[in-house]
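Coordinates from data.csv are shown below (CSV, C-alpha atoms and all ligand atoms).
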chain,number,residue,atom,x,y,z
A,431,MET,CA,-35.7,72.0,47.6
A,432,LYS,CA,-34.2,71.3,44.2
A,433,GLN,CA,-31.5,73.9,44.9
A,434,GLU,CA,-30.7,72.4,48.3
A,435,MET,CA,-30.1,69.0,46.8
A,436,SER,CA,-27.8,70.4,44.2
A,437,ILE,CA,-25.8,72.2,46.8
A,438,TYR,CA,-25.6,69.1,49.0
A,439,CYS,CA,-24.7,66.6,46.2
A,440,GLY,CA,-22.5,68.7,43.9
A,441,ASN,CA,-21.0,71.8,45.3
A,442,VAL,CA,-20.2,70.6,48.8
A,443,ARG,CA,-17.7,67.9,47.7
A,444,THR,CA,-14.2,69.0,47.3
A,445,ALA,CA,-11.9,67.9,44.4
A,446,ALA,CA,-10.0,65.6,46.7
A,447,GLU,CA,-13.2,63.8,47.8
A,448,ARG,CA,-14.2,63.3,44.2
A,449,SER,CA,-10.9,61.7,43.2
A,450,SER,CA,-10.9,59.4,46.2
A,451,LEU,CA,-14.4,58.3,45.3
A,452,ARG,CA,-13.2,57.5,41.8
A,453,LEU,CA,-10.4,55.4,43.3
A,454,VAL,CA,-12.8,53.4,45.4
A,455,LEU,CA,-14.9,52.8,42.3
A,456,VAL,CA,-11.9,51.7,40.3
A,457,ALA,CA,-10.9,49.4,43.1
A,458,LEU,CA,-14.4,47.9,43.2
A,459,ALA,CA,-14.4,47.3,39.5
A,460,ALA,CA,-11.0,45.6,39.7
A,461,LEU,CA,-12.4,43.3,42.4
A,462,VAL,CA,-15.3,42.3,40.1
A,463,VAL,CA,-13.1,41.8,37.0
A,464,ALA,CA,-10.0,40.3,38.7
A,465,PRO,CA,-11.3,36.8,39.3
A,466,GLY,CA,-11.9,36.4,35.6
A,467,CYS,CA,-8.2,36.7,34.7
A,468,SER,CA,-6.5,33.6,36.1
A,469,PRO,CA,-2.7,34.0,36.4
A,470,ASP,CA,-0.6,32.1,34.0
A,471,PRO,CA,1.0,29.3,36.1
A,472,ASN,CA,4.0,29.3,33.8
A,473,THR,CA,4.9,32.9,34.5
A,474,THR,CA,7.0,34.0,37.4
A,475,LYS,CA,5.5,37.3,38.3
A,476,LEU,CA,8.1,38.5,40.7
A,477,GLN,CA,11.7,37.3,40.6
A,478,TYR,CA,12.9,38.2,44.0
A,479,VAL,CA,16.0,36.1,43.5
A,480,PRO,CA,16.5,35.0,39.9
A,481,ASP,CA,15.7,31.3,40.1
A,482,MET,CA,16.0,28.4,37.6
A,483,ALA,CA,13.2,29.7,35.4
A,484,ASP,CA,15.5,31.2,32.8
A,485,THR,CA,18.3,28.8,32.2
A,486,ALA,CA,19.8,27.5,29.1
A,487,ALA,CA,18.2,24.1,29.9
A,488,ILE,CA,15.8,22.6,27.3
A,489,LYS,CA,12.3,23.1,28.4
A,490,ALA,CA,10.0,20.1,28.4
A,491,GLN,CA,8.2,19.5,25.1
A,492,ARG,CA,9.5,22.9,23.8
A,493,ASP,CA,12.6,22.0,21.9
A,494,PHE,CA,15.1,19.2,21.6
A,495,LEU,CA,18.7,18.9,21.1
A,496,ASN,CA,19.7,18.3,17.5
A,497,PRO,CA,21.4,15.0,17.2
A,498,PRO,CA,25.0,15.2,16.1
A,499,GLU,CA,25.5,14.9,12.4
A,500,GLY,CA,25.5,11.3,11.1
A,501,SER,CA,23.8,9.9,14.2
A,502,VAL,CA,21.3,7.1,13.7
A,503,ALA,CA,18.3,6.3,16.0
A,504,THR,CA,18.8,3.1,17.9
A,505,ASN,CA,15.6,1.7,16.4
A,506,ALA,CA,16.3,3.0,12.9
A,507,ILE,CA,15.9,0.6,10.0
A,508,LEU,CA,18.1,1.7,7.1
A,509,TYR,CA,16.5,0.9,3.7
A,510,PRO,CA,18.3,1.0,0.4
A,511,ALA,CA,17.6,4.3,-1.1
A,512,THR,CA,16.7,3.1,-4.6
A,513,ILE,CA,14.4,0.5,-6.1
A,514,GLU,CA,17.4,-1.1,-7.9
A,515,GLU,CA,19.2,-1.5,-4.6
A,516,SER,CA,16.1,-2.8,-2.8
A,517,GLU,CA,15.6,-5.4,-5.5
A,518,LYS,CA,19.2,-6.5,-5.3
A,519,ILE,CA,19.6,-6.5,-1.5
A,520,LEU,CA,16.3,-7.1,0.2
A,521,ARG,CA,14.8,-10.6,0.5
A,522,ASN,CA,11.5,-11.5,2.0
A,523,PRO,CA,12.2,-13.0,5.4
A,524,PHE,CA,9.1,-15.1,5.3
A,525,PRO,CA,8.6,-18.2,3.3
A,526,ALA,CA,5.9,-17.8,0.7
A,527,ALA,CA,3.5,-20.0,2.6
A,528,ALA,CA,-0.2,-19.9,3.2
A,529,GLU,CA,0.1,-18.4,6.7
A,530,SER,CA,2.0,-15.3,5.4
A,531,GLU,CA,-0.2,-15.0,2.4
A,532,ALA,CA,-3.3,-15.0,4.6
A,533,GLN,CA,-1.8,-12.2,6.7
A,534,GLY,CA,-0.9,-10.4,3.5
A,535,LYS,CA,-4.4,-10.6,2.3
A,536,LYS,CA,-5.8,-9.1,5.5
A,537,LEU,CA,-3.4,-6.2,5.2
A,538,TYR,CA,-3.9,-5.8,1.4
A,539,ASP,CA,-7.7,-5.7,2.0
A,540,THR,CA,-7.1,-3.0,4.6
A,541,PHE,CA,-4.5,-0.8,3.0
A,542,CYS,CA,-4.4,-1.4,-0.8
A,543,ILE,CA,-7.7,-2.7,-2.0
A,544,SER,CA,-9.5,0.7,-2.2
A,545,CYS,CA,-7.1,1.8,-5.0
A,546,HIS,CA,-5.7,-1.4,-6.4
A,547,GLY,CA,-8.9,-3.5,-6.3
A,548,ASP,CA,-9.5,-7.0,-4.9
A,549,ASP,CA,-7.6,-8.6,-7.8
A,550,GLY,CA,-4.8,-6.1,-8.0
A,551,LYS,CA,-5.8,-4.9,-11.5
A,552,GLY,CA,-6.2,-1.3,-10.4
A,553,LYS,CA,-10.0,-0.9,-10.3
A,554,GLY,CA,-10.4,-0.1,-6.7
A,555,SER,CA,-13.5,1.6,-5.3
A,556,VAL,CA,-12.0,5.1,-5.2
A,557,THR,CA,-10.6,5.1,-8.7
A,558,ASP,CA,-13.6,7.0,-10.1
A,559,LEU,CA,-12.2,10.0,-8.2
A,560,TYR,CA,-8.6,9.0,-7.7
A,561,PRO,CA,-6.0,8.3,-10.4
A,562,GLN,CA,-6.2,4.6,-11.3
A,563,PRO,CA,-3.1,2.6,-10.4
A,564,PRO,CA,-1.5,0.2,-12.9
A,565,ASP,CA,-2.4,-3.5,-13.0
A,566,ILE,CA,0.2,-4.8,-10.6
A,567,THR,CA,-0.5,-8.4,-11.7
A,568,ASN,CA,0.8,-7.9,-15.2
A,569,GLU,CA,4.0,-9.5,-16.6
A,570,ALA,CA,6.1,-6.4,-16.0
A,571,TYR,CA,5.4,-6.6,-12.2
A,572,VAL,CA,5.6,-10.4,-12.0
A,573,THR,CA,9.2,-10.2,-13.0
A,574,ARG,CA,10.0,-7.7,-10.4
A,575,GLN,CA,11.8,-8.8,-7.2
A,576,ASP,CA,10.1,-8.7,-3.8
A,577,GLY,CA,12.3,-5.7,-2.9
A,578,PHE,CA,10.6,-3.6,-5.5
A,579,PHE,CA,7.2,-4.1,-3.9
A,580,PHE,CA,8.6,-3.6,-0.4
A,581,HIS,CA,10.2,-0.4,-1.6
A,582,LYS,CA,7.0,0.9,-3.2
A,583,ILE,CA,4.9,0.1,-0.1
A,584,THR,CA,7.5,1.8,2.1
A,585,PHE,CA,8.0,5.0,0.1
A,586,GLY,CA,4.9,5.2,-2.1
A,587,GLY,CA,5.1,6.5,-5.6
A,588,ALA,CA,4.5,9.8,-7.4
A,589,ILE,CA,0.8,9.5,-6.5
A,590,MET,CA,0.6,6.5,-4.2
A,591,PRO,CA,0.9,7.3,-0.5
A,592,ALA,CA,3.9,5.9,1.5
A,593,TYR,CA,3.0,3.3,4.0
A,594,GLY,CA,6.4,3.0,5.8
A,595,TYR,CA,5.0,4.6,8.9
A,596,SER,CA,1.7,2.7,9.2
A,597,ILE,CA,2.6,-0.8,8.0
A,598,SER,CA,5.5,-2.6,9.8
A,599,PRO,CA,8.3,-4.1,7.8
A,600,HIS,CA,7.0,-7.6,8.6
A,601,GLU,CA,3.5,-6.7,7.5
A,602,ARG,CA,4.9,-5.2,4.3
A,603,TRP,CA,6.6,-8.5,3.5
A,604,HIS,CA,3.4,-10.4,4.1
A,605,ILE,CA,1.6,-8.0,1.6
A,606,VAL,CA,4.3,-8.7,-1.0
A,607,HIS,CA,3.5,-12.4,-0.7
A,608,TYR,CA,-0.1,-11.7,-1.2
A,609,VAL,CA,0.6,-9.5,-4.3
A,610,ARG,CA,2.3,-12.7,-5.7
A,611,VAL,CA,-0.9,-14.6,-5.0
A,612,LEU,CA,-2.8,-12.0,-7.0
A,613,GLN,CA,-0.3,-12.2,-9.8
A,614,ARG,CA,-0.5,-16.0,-9.9
A,615,ALA,CA,-4.3,-15.8,-10.0
A,616,ALA,CA,-4.1,-13.3,-12.9
A,617,GLN,CA,-1.4,-15.3,-14.8
A,618,HIS,CA,-2.5,-18.8,-14.2
A,619,GLY,CA,-6.0,-18.6,-12.7
A,620,SER,CA,-4.6,-20.2,-9.5
A,621,THR,CA,-4.4,-18.7,-6.1
A,622,ALA,CA,-2.9,-21.8,-4.5
A,623,PRO,CA,-0.2,-21.0,-2.0
A,624,ALA,CA,3.3,-21.2,-3.4
A,625,THR,CA,5.8,-23.8,-2.2
A,626,PRO,CA,7.9,-22.3,0.6
A,627,ASP,CA,11.0,-20.8,-0.9
A,628,ASN,CA,13.3,-18.8,1.2
A,629,SER,CA,16.6,-19.7,-0.4
A,630,GLN,CA,17.3,-16.4,-2.1
A,631,GLY,CA,19.8,-15.3,0.6
A,632,GLY,CA,20.4,-11.6,1.2
A,633,THR,CA,19.4,-9.3,4.1
A,634,ASN,CA,16.1,-8.1,5.6
A,635,PRO,CA,15.3,-5.0,7.5
B,701,LIG,C1,-4.7,5.9,-2.4
B,701,LIG,C2,-4.6,4.9,-3.5
B,701,LIG,C3,-3.5,3.8,-3.3
B,701,LIG,C4,-3.4,3.0,-2.3
B,701,LIG,C5,-4.1,2.9,-1.0
B,701,LIG,C6,-2.3,2.1,-2.7
B,701,LIG,N1,-1.8,2.5,-3.9
B,701,LIG,FE1,-0.3,1.5,-4.9
B,701,LIG,N2,-0.5,2.9,-6.4
B,701,LIG,C7,-1.5,3.9,-6.5
B,701,LIG,C8,-1.3,4.6,-7.7
B,701,LIG,C9,-2.1,5.8,-8.1
B,701,LIG,C10,-0.2,4.1,-8.3
B,701,LIG,C11,0.5,4.6,-9.7
B,701,LIG,C12,1.2,5.9,-9.5
B,701,LIG,C13,2.3,5.8,-8.5
B,701,LIG,O1,3.2,4.9,-8.5
B,701,LIG,O2,2.2,6.7,-7.6
B,701,LIG,C14,0.3,3.0,-7.5
B,701,LIG,C15,1.3,2.1,-7.8
B,701,LIG,C16,1.6,1.0,-7.2
B,701,LIG,C17,2.6,0.0,-7.6
B,701,LIG,C18,3.5,0.1,-8.9
B,701,LIG,C19,4.5,1.1,-8.7
B,701,LIG,C20,5.4,1.4,-9.9
B,701,LIG,O3,6.4,2.1,-9.8
B,701,LIG,O4,5.1,0.8,-11.0
B,701,LIG,C21,2.7,-1.0,-6.7
B,701,LIG,C22,3.5,-2.2,-6.7
B,701,LIG,C23,1.7,-0.7,-5.7
B,701,LIG,N3,1.1,0.5,-6.0
B,701,LIG,C24,1.4,-1.4,-4.6
B,701,LIG,C25,0.5,-1.0,-3.6
B,701,LIG,C26,0.3,-1.8,-2.4
B,701,LIG,C27,0.9,-3.1,-2.1
B,701,LIG,C28,-0.6,-1.1,-1.6
B,701,LIG,C29,-1.0,-1.4,-0.2
B,701,LIG,C30,0.0,-1.4,0.8
B,701,LIG,C31,-0.9,0.1,-2.3
B,701,LIG,N4,-0.2,0.1,-3.5
B,701,LIG,C32,-1.8,1.1,-1.9
B,701,LIG,C33,-2.4,4.1,-5.6
B,701,LIG,C34,-2.6,3.5,-4.3

Is it possible to express this structure as structure tokens?
Ligand code: HEC
Amino acid sequence: MKQEMSIYCGNVRTAAERSSLRLVLVALAALVVAPGCSPDPNTTKLQYVPDMADTAAIKAQRDFLNPPEGSVATNAILYPATIEESEKILRNPFPAAAESEAQGKKLYDTFCISCHGDDGKGKGSVTDLYPQPPDITNEAYVTRQDGFFFHKITFGGAIMPAYGYSISPHERWHIVHYVRVLQRAAQHGSTAPATPDNSQGGTNP
């Protein structure tokens, strides 16, 4: 009985039969595995007639044309490159009035207070771990022009982060007014709003 079985299962099959059986098995395995590999929708499998897939055109979200040298974005704001120029050219477009100072306080309390402290003296809540900023209410800063502060907020410092991307130019000017409020508080103990003074002339971004 045992011998009959072995004759029937093994020796009777020819080599050709065995290889076609293997083919069937491979085909079955492929059927099981194939649904797992979804085709890449971005790949053209067969290019019967070369279509527009491979052109010199710029592919969406892949690349962009380099703007010609010297071109400026239509919404670009050109700032003076140096602090000296900023102090000389830039003027605060808002009068130093209570409304602007109140906006400035909100923004200062959002963006600056953690490092510079609520009074501007540099003892913010993170300064145990982060380098302590200078006291921006002291005399050396009081005598600085508004453009200095605008420049610093825009470009940051050696350690201080730049806020040109996250705080709009108008908001930065409001903050500058509020820094003046803190300076007056430190110098004279008064936080009363300044009298509106926008007579300096000059340009604003
Ligand atoms: C993450 C901490 C941090 C934040 C937030 C921060 N500063 Fe500063 N700031 C510093 C440090 C540190 C310095 C000193 C070193 C430097 O200039 O980088 C500094 C310096 C300054 C100076 C003096 C720069 C000089 O050259 O003397 C001014 C003015 C100033 N900050 C204003 C602001 C204002 C306004 C904001 C909010 C918009 C702000 N900073 C937010 C850390 C910070």

Residues of chain A that have any atom at most 8 Å from an atom of ligand LIG 701 (chain B): could you tabulate them with the shortest-distance atom pair and the distance in Å to one decimal, using all atoms listed in the file, ordered by chain and increasing number, as JSON lines?
{"residue": "A:Leu537", "atom": "CA", "partner": "B:LIG701", "partner_atom": "C30", "distance": 7.3}
{"residue": "A:Tyr538", "atom": "CA", "partner": "B:LIG701", "partner_atom": "C29", "distance": 5.5}
{"residue": "A:Thr540", "atom": "CA", "partner": "B:LIG701", "partner_atom": "C29", "distance": 7.9}
{"residue": "A:Phe541", "atom": "CA", "partner": "B:LIG701", "partner_atom": "C29", "distance": 4.8}
{"residue": "A:Cys542", "atom": "CA", "partner": "B:LIG701", "partner_atom": "C29", "distance": 3.5}
{"residue": "A:Ile543", "atom": "CA", "partner": "B:LIG701", "partner_atom": "C5", "distance": 6.7}
{"residue": "A:Ser544", "atom": "CA", "partner": "B:LIG701", "partner_atom": "C5", "distance": 6.0}
{"residue": "A:Cys545", "atom": "CA", "partner": "B:LIG701", "partner_atom": "C2", "distance": 4.3}
{"residue": "A:His546", "atom": "CA", "partner": "B:LIG701", "partner_atom": "N1", "distance": 6.1}
{"residue": "A:Val556", "atom": "CA", "partner": "B:LIG701", "partner_atom": "C2", "distance": 7.6}
{"residue": "A:Thr557", "atom": "CA", "partner": "B:LIG701", "partner_atom": "C2", "distance": 7.9}
{"residue": "A:Tyr560", "atom": "CA", "partner": "B:LIG701", "partner_atom": "C2", "distance": 7.1}
{"residue": "A:Pro561", "atom": "CA", "partner": "B:LIG701", "partner_atom": "C9", "distance": 5.2}
{"residue": "A:Gln562", "atom": "CA", "partner": "B:LIG701", "partner_atom": "C9", "distance": 5.3}
{"residue": "A:Pro563", "atom": "CA", "partner": "B:LIG701", "partner_atom": "C8", "distance": 3.8}
{"residue": "A:Pro564", "atom": "CA", "partner": "B:LIG701", "partner_atom": "C11", "distance": 5.8}
{"residue": "A:Ile566", "atom": "CA", "partner": "B:LIG701", "partner_atom": "C22", "distance": 5.7}
{"residue": "A:Tyr571", "atom": "CA", "partner": "B:LIG701", "partner_atom": "C22", "distance": 7.3}
{"residue": "A:Phe578", "atom": "CA", "partner": "B:LIG701", "partner_atom": "C22", "distance": 7.3}
{"residue": "A:Phe579", "atom": "CA", "partner": "B:LIG701", "partner_atom": "C22", "distance": 5.0}
{"residue": "A:Phe580", "atom": "CA", "partner": "B:LIG701", "partner_atom": "C27", "distance": 7.9}
{"residue": "A:Lys582", "atom": "CA", "partner": "B:LIG701", "partner_atom": "C22", "distance": 5.8}
{"residue": "A:Ile583", "atom": "CA", "partner": "B:LIG701", "partner_atom": "C30", "distance": 5.2}
{"residue": "A:Gly586", "atom": "CA", "partner": "B:LIG701", "partner_atom": "O2", "distance": 6.3}
{"residue": "A:Gly587", "atom": "CA", "partner": "B:LIG701", "partner_atom": "O2", "distance": 3.5}
{"residue": "A:Ala588", "atom": "CA", "partner": "B:LIG701", "partner_atom": "O2", "distance": 3.9}
{"residue": "A:Ile589", "atom": "CA", "partner": "B:LIG701", "partner_atom": "O2", "distance": 3.3}
{"residue": "A:Met590", "atom": "CA", "partner": "B:LIG701", "partner_atom": "O2", "distance": 3.8}
{"residue": "A:Pro591", "atom": "CA", "partner": "B:LIG701", "partner_atom": "C1", "distance": 6.1}
{"residue": "A:Tyr593", "atom": "CA", "partner": "B:LIG701", "partner_atom": "C30", "distance": 6.4}
{"residue": "A:Ile597", "atom": "CA", "partner": "B:LIG701", "partner_atom": "C30", "distance": 7.7}
{"residue": "A:Arg602", "atom": "CA", "partner": "B:LIG701", "partner_atom": "C30", "distance": 7.1}
{"residue": "A:Ile605", "atom": "CA", "partner": "B:LIG701", "partner_atom": "C27", "distance": 6.2}
{"residue": "A:Val606", "atom": "CA", "partner": "B:LIG701", "partner_atom": "C27", "distance": 6.6}
{"residue": "A:Val609", "atom": "CA", "partner": "B:LIG701", "partner_atom": "C27", "distance": 6.8}

Task: One-decimal distance in Å that lies between atom CA of A:Asp565 and atom CA of A:Gly552 - done: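 Atom-to-atom, atom CA of A:Gly552 to atom CA of A:Asp565, that is 5.1 Å.
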
TODO: Could you please determine the separation between atom CA of A:Val572 and atom CA of A:Arg610 in Å, to one decimal place?
DONE: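 Spanning atom CA of A:Val572 to atom CA of A:Arg610 is a straight-line distance of 7.5 Å.
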
TODO: For atom CA of A:His604 and atom CA of A:Gln533, quote the distance in Å rounded to one decimal.
DONE: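 Rounded to one decimal, the two atoms are 6.1 Å apart.
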
Task: Nearest residue to A:Ile519 from the set A:Lys551, A:His581, A:Lys536, A:His607 (distances using all atoms listed in the file) - done: A:His581

For stretch 593-616 of chain A, which lacks atoms in the input, supply N, CA and C atoms and format the output as a compact mmCIF listing (two decimals), in the coordinates of the input.
# COMPACT_ATOMS: atom_id res chain seq x y z
N TYR A 593 3.59 3.98 2.89
CA TYR A 593 3.00 3.30 4.00
C TYR A 593 4.09 2.80 5.02
N GLY A 594 5.32 3.34 4.86
CA GLY A 594 6.40 3.00 5.80
C GLY A 594 6.09 3.25 7.22
N TYR A 595 5.28 4.25 7.47
CA TYR A 595 5.00 4.60 8.90
C TYR A 595 3.83 3.82 9.44
N SER A 596 2.93 3.38 8.60
CA SER A 596 1.70 2.70 9.20
C SER A 596 1.74 1.21 9.02
N ILE A 597 2.58 0.67 8.16
CA ILE A 597 2.60 -0.80 8.00
C ILE A 597 4.04 -1.23 8.38
N SER A 598 4.13 -2.14 9.35
CA SER A 598 5.50 -2.60 9.80
C SER A 598 6.20 -3.31 8.73
N PRO A 599 7.53 -3.39 8.83
CA PRO A 599 8.30 -4.10 7.80
C PRO A 599 7.78 -5.54 7.63
N HIS A 600 7.51 -6.25 8.73
CA HIS A 600 7.00 -7.60 8.60
C HIS A 600 5.70 -7.66 7.83
N GLU A 601 4.82 -6.73 8.17
CA GLU A 601 3.50 -6.70 7.50
C GLU A 601 3.71 -6.41 6.00
N ARG A 602 4.67 -5.55 5.69
CA ARG A 602 4.90 -5.20 4.30
C ARG A 602 5.34 -6.47 3.51
N TRP A 603 6.18 -7.29 4.16
CA TRP A 603 6.60 -8.50 3.50
C TRP A 603 5.46 -9.48 3.28
N HIS A 604 4.53 -9.54 4.25
CA HIS A 604 3.40 -10.40 4.10
C HIS A 604 2.54 -9.90 2.85
N ILE A 605 2.40 -8.58 2.75
CA ILE A 605 1.60 -8.00 1.60
C ILE A 605 2.30 -8.42 0.29
N VAL A 606 3.63 -8.36 0.27
CA VAL A 606 4.30 -8.70 -1.00
C VAL A 606 3.98 -10.14 -1.37
N HIS A 607 3.93 -11.05 -0.40
CA HIS A 607 3.50 -12.40 -0.70
C HIS A 607 2.13 -12.47 -1.30
N TYR A 608 1.25 -11.63 -0.73
CA TYR A 608 -0.10 -11.70 -1.20
C TYR A 608 -0.22 -11.07 -2.63
N VAL A 609 0.62 -10.07 -2.92
CA VAL A 609 0.60 -9.50 -4.30
C VAL A 609 1.02 -10.64 -5.26
N ARG A 610 1.94 -11.51 -4.83
CA ARG A 610 2.30 -12.70 -5.70
C ARG A 610 1.14 -13.61 -5.89
N VAL A 611 0.31 -13.76 -4.84
CA VAL A 611 -0.90 -14.60 -5.00
C VAL A 611 -1.79 -14.03 -6.07
N LEU A 612 -1.98 -12.70 -6.01
CA LEU A 612 -2.80 -12.00 -7.00
C LEU A 612 -2.24 -12.19 -8.40
N GLN A 613 -0.92 -12.11 -8.47
CA GLN A 613 -0.30 -12.20 -9.80
C GLN A 613 -0.45 -13.65 -10.33
N ARG A 614 -0.32 -14.66 -9.46
CA ARG A 614 -0.50 -16.00 -9.90
C ARG A 614 -1.95 -16.24 -10.40
N ALA A 615 -2.89 -15.62 -9.64
CA ALA A 615 -4.30 -15.80 -10.00
C ALA A 615 -4.53 -15.15 -11.39
N ALA A 616 -3.90 -14.00 -11.65
CA ALA A 616 -4.10 -13.30 -12.90
C ALA A 616 -3.41 -14.07 -14.07
